[in-house]
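Notes to accompany the following structure.
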Amino acid sequence: MRAGRLHSGALLGLVLAVALVAAGCGEKSDTGGGSTETTAAAPAVDDALAAKVPAEIKSDGKILIGTDATYAPNEFLDTDGKTVIGFDVDLFNAVAAKLGLQTQWQSSKFADIIPGLQSGKYEIGVSSFTINDERKQQVNMVSYFSAGTQWGAKKGNPVGVQPDDACGKKVAVQTGTVQETEDLPQRDKDCKSAGKPAISIDSYQDQGQATAAVVSGKDDGMLADSPVIAYAVKQTNGQLELLGDIYDSAPYGYVIKKDQTEFAQAVADAVKALITDGTYKTILDKWGVGAGAIDNPAVNP
């Protein structure tokens, strides 16, 4: 998982805006810190699925969602600096509506979401989490989308970054992502084993900062989830370009408490219902991410 929000193309301005957003803290009734509640028209409730929502979640008709709102076009802050928007948001709002719930989105640091779910601070995590074995040991994960990793660099790739040989380069990445914890460490190890210079890995708290570092020339290249890199390139008005092909495609998953397996299955069934009725495709196409569509949502695939 993990590019920052950008509606106008001024990426450095984006970083300043994102820096104003503190990690969410507070109770379920709190609507500060970047949280929003849905009020728009939504898909009809599926009573059978709604019956599987845990009592502690359905008690007030809301579900409190932890999200790192710095990852456009998946989840990011709108121009008001507090409303969380994106394809992840639109899709899970529709899932929640099927379950008879309103959504309340709370901005958080990415690395804090799973611990926050486990402690009861959040009731679900929706933040482009790549499903992997380590996470499945901690939580239930419900697949809903597929994304790979892609690299990006400043337009023209002036320092000659190559995804398969980034030895000696300065590479930007978001903290806590699979790109930081798995991808780059292995590439760095391969560089050292081959007697080549190490990769200088610059980790940033949010993807907007990583992207800005490449635009400014501080870092030579970056890598992130494929829809995020593509969106960053598009929104920087020609300042960045894509490098290489998409690789290591894997599903994103909603993060649900380990003891809520029935609820996790209800969420998977709600996604399936949205695929069947066309809502799913409409939402993905709206955000230009239809290439990541799946047809078989599942619990812990």
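We label chains A, B, ... in the order they appear in the structure tokens, count residues from 1 in each chain, and number ligands from 1 in the order shown.
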Just list the residues in region 121-234 of chain A DSSP gives helix (DSSP H, G or I) on the backbone, as a PyMOL selection string. chain A and resi 133-138+178-193+207-216+226-234
List every residue of region 233-287 of chain A that has an atom at most 10 Å from any atom of region 56-73 of chain A, giving for each one its closest atom pair and the distance in Å to one decimal, counting only C-alpha atoms, sorted by chain and then by ascending residue number, as a Markdown table.
| residue | atom | partner | partner_atom | distance |
| --- | --- | --- | --- | --- |
| A:Gln235 | CA | A:Ala72 | CA | 9.9 |
| A:Val255 | CA | A:Gly66 | CA | 9.5 |
| A:Trp287 | CA | A:Pro73 | CA | 6.9 |
Generate a file of the selected residues that holds N, CA and C atoms, formatted as an mmCIF file, in the first residue's frame.
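Once written, part07.cif looks like this:
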data_model
loop_
_atom_site.group_PDB
_atom_site.id
_atom_site.type_symbol
_atom_site.label_atom_id
_atom_site.label_comp_id
_atom_site.auth_asym_id
_atom_site.auth_seq_id
_atom_site.Cartn_x
_atom_site.Cartn_y
_atom_site.Cartn_z
ATOM 1 N N GLN A 235 -1.220 14.068 -12.364
ATOM 2 C CA GLN A 235 -1.523 15.305 -11.660
ATOM 3 C C GLN A 235 -0.353 16.274 -11.562
ATOM 4 N N VAL A 255 -9.581 -4.363 6.259
ATOM 5 C CA VAL A 255 -8.992 -4.930 7.475
ATOM 6 C C VAL A 255 -10.053 -4.984 8.571
ATOM 7 N N TRP A 287 -13.030 6.757 -11.228
ATOM 8 C CA TRP A 287 -11.695 7.150 -10.782
ATOM 9 C C TRP A 287 -10.591 6.661 -11.719
#
Do you know which residues are at most 8 Å from Ala264 (chain A) counting only C-alpha atoms, after dropping those on the same chain fewer than 6 positions away, and could you put them as a VMD selection string? chain A and resid 140 to 142 256 299
Please identify all polymer residues within 10 Å of Lys286 (chain A), counting only C-alpha atoms, omitting same-chain residues fewer than 3 positions from it, and present them as number ranges by chain. A: 86-87, 90, 281-283, 289-290
Keeping only C-alpha atoms, write those residues as a PDB file, in the first residue's frame.
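Dumped to result-v4.pdb:
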ATOM      1  CA  GLY A  86     -11.281   8.646  -3.482  1.00  0.00           C
ATOM      2  CA  PHE A  87     -12.225   5.362  -5.098  1.00  0.00           C
ATOM      3  CA  ASP A  90     -16.791   5.674  -2.726  1.00  0.00           C
ATOM      4  CA  LYS A 281     -17.631  -0.985 -12.071  1.00  0.00           C
ATOM      5  CA  THR A 282     -19.226   2.467 -12.074  1.00  0.00           C
ATOM      6  CA  ILE A 283     -17.157   3.566  -9.070  1.00  0.00           C
ATOM      7  CA  VAL A 289      -8.901   2.446 -11.915  1.00  0.00           C
ATOM      8  CA  GLY A 290     -11.065  -0.142 -13.672  1.00  0.00           C
TER       9      GLY A 290
END
Given only C-alpha atoms as the counted atoms, nearest of A:Asp219, A:Asp225, A:Asp269, A:Asp80 to Ser143 (chain A):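 Once distances to Ser143 (chain A) are computed over only C-alpha atoms, the minimum belongs to A:Asp269.
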Please provide the set of residues having any atom within 12 Å of region 193-195 of chain A, restricted to only C-alpha atoms, with same-chain residues fewer than 3 positions apart removed, written as an MDAnalysis selection string. chainID A and resid 165 167:168 186:190 198
Can you tell me how far CA of Leu242 (chain A) sits from CA of Cys191 (chain A), in Å to one decimal?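 Spanning CA of Leu242 (chain A) to CA of Cys191 (chain A) is a straight-line distance of 22.3 Å.
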Find the distance between CA of Ser226 (chain A) and CA of Asn74 (chain A) and write it in Å to one decimal.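 Computing the Euclidean distance for CA of Ser226 (chain A) and CA of Asn74 (chain A) yields 10.9 Å.
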For region 152-235 of chain A versus region 106-112 of chain A, which residues have an atom no more than 12 Å away, and what is each residue's nearest atom pair and distance in Å rounded to one decimal, using only C-alpha atoms, chain-then-number order, as a tab-separated table?
residue	atom	partner	partner_atom	distance
A:Gln174	CA	A:Phe110	CA	9.3
A:Thr175	CA	A:Ala111	CA	7.7
A:Gly176	CA	A:Ala111	CA	5.6
A:Thr177	CA	A:Phe110	CA	8.4
A:Val178	CA	A:Ala111	CA	11.4
A:Glu180	CA	A:Ala111	CA	12.0
A:Thr181	CA	A:Ala111	CA	11.6
A:Tyr204	CA	A:Lys109	CA	11.2
A:Gln205	CA	A:Lys109	CA	7.5
A:Asp206	CA	A:Lys109	CA	8.1
A:Gln207	CA	A:Phe110	CA	10.6
Applying 12 Å and only C-alpha atoms, which residues near Asp277 (chain A) remain after dropping the ones on its own chain fewer than 4 positions away? List them as a PDB file with C-alpha atoms, in the first residue's frame.
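And here's result00.pdb as it stands now:
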ATOM      1  CA  PRO A  43     -27.402   1.383  -2.440  1.00  0.00           C
ATOM      2  CA  ALA A  44     -30.339  -0.376  -0.817  1.00  0.00           C
ATOM      3  CA  ALA A  94     -21.463   1.626  -1.014  1.00  0.00           C
ATOM      4  CA  LYS A  98     -25.488  -2.545   1.775  1.00  0.00           C
ATOM      5  CA  ALA A 270     -21.606  -6.925  -0.023  1.00  0.00           C
ATOM      6  CA  VAL A 271     -18.719  -6.290  -2.453  1.00  0.00           C
ATOM      7  CA  LYS A 272     -19.955  -9.195  -4.570  1.00  0.00           C
ATOM      8  CA  ALA A 273     -23.448  -7.703  -4.643  1.00  0.00           C
ATOM      9  CA  LYS A 281     -17.631  -0.985 -12.071  1.00  0.00           C
ATOM     10  CA  THR A 282     -19.226   2.467 -12.074  1.00  0.00           C
ATOM     11  CA  ILE A 283     -17.157   3.566  -9.070  1.00  0.00           C
TER      12      ILE A 283
END
Would you mind reading off the distance between CA of Val171 (chain A) and CA of Asp202 (chain A), one decimal, in Å?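 Separation between CA of Val171 (chain A) and CA of Asp202 (chain A): 5.9 Å.
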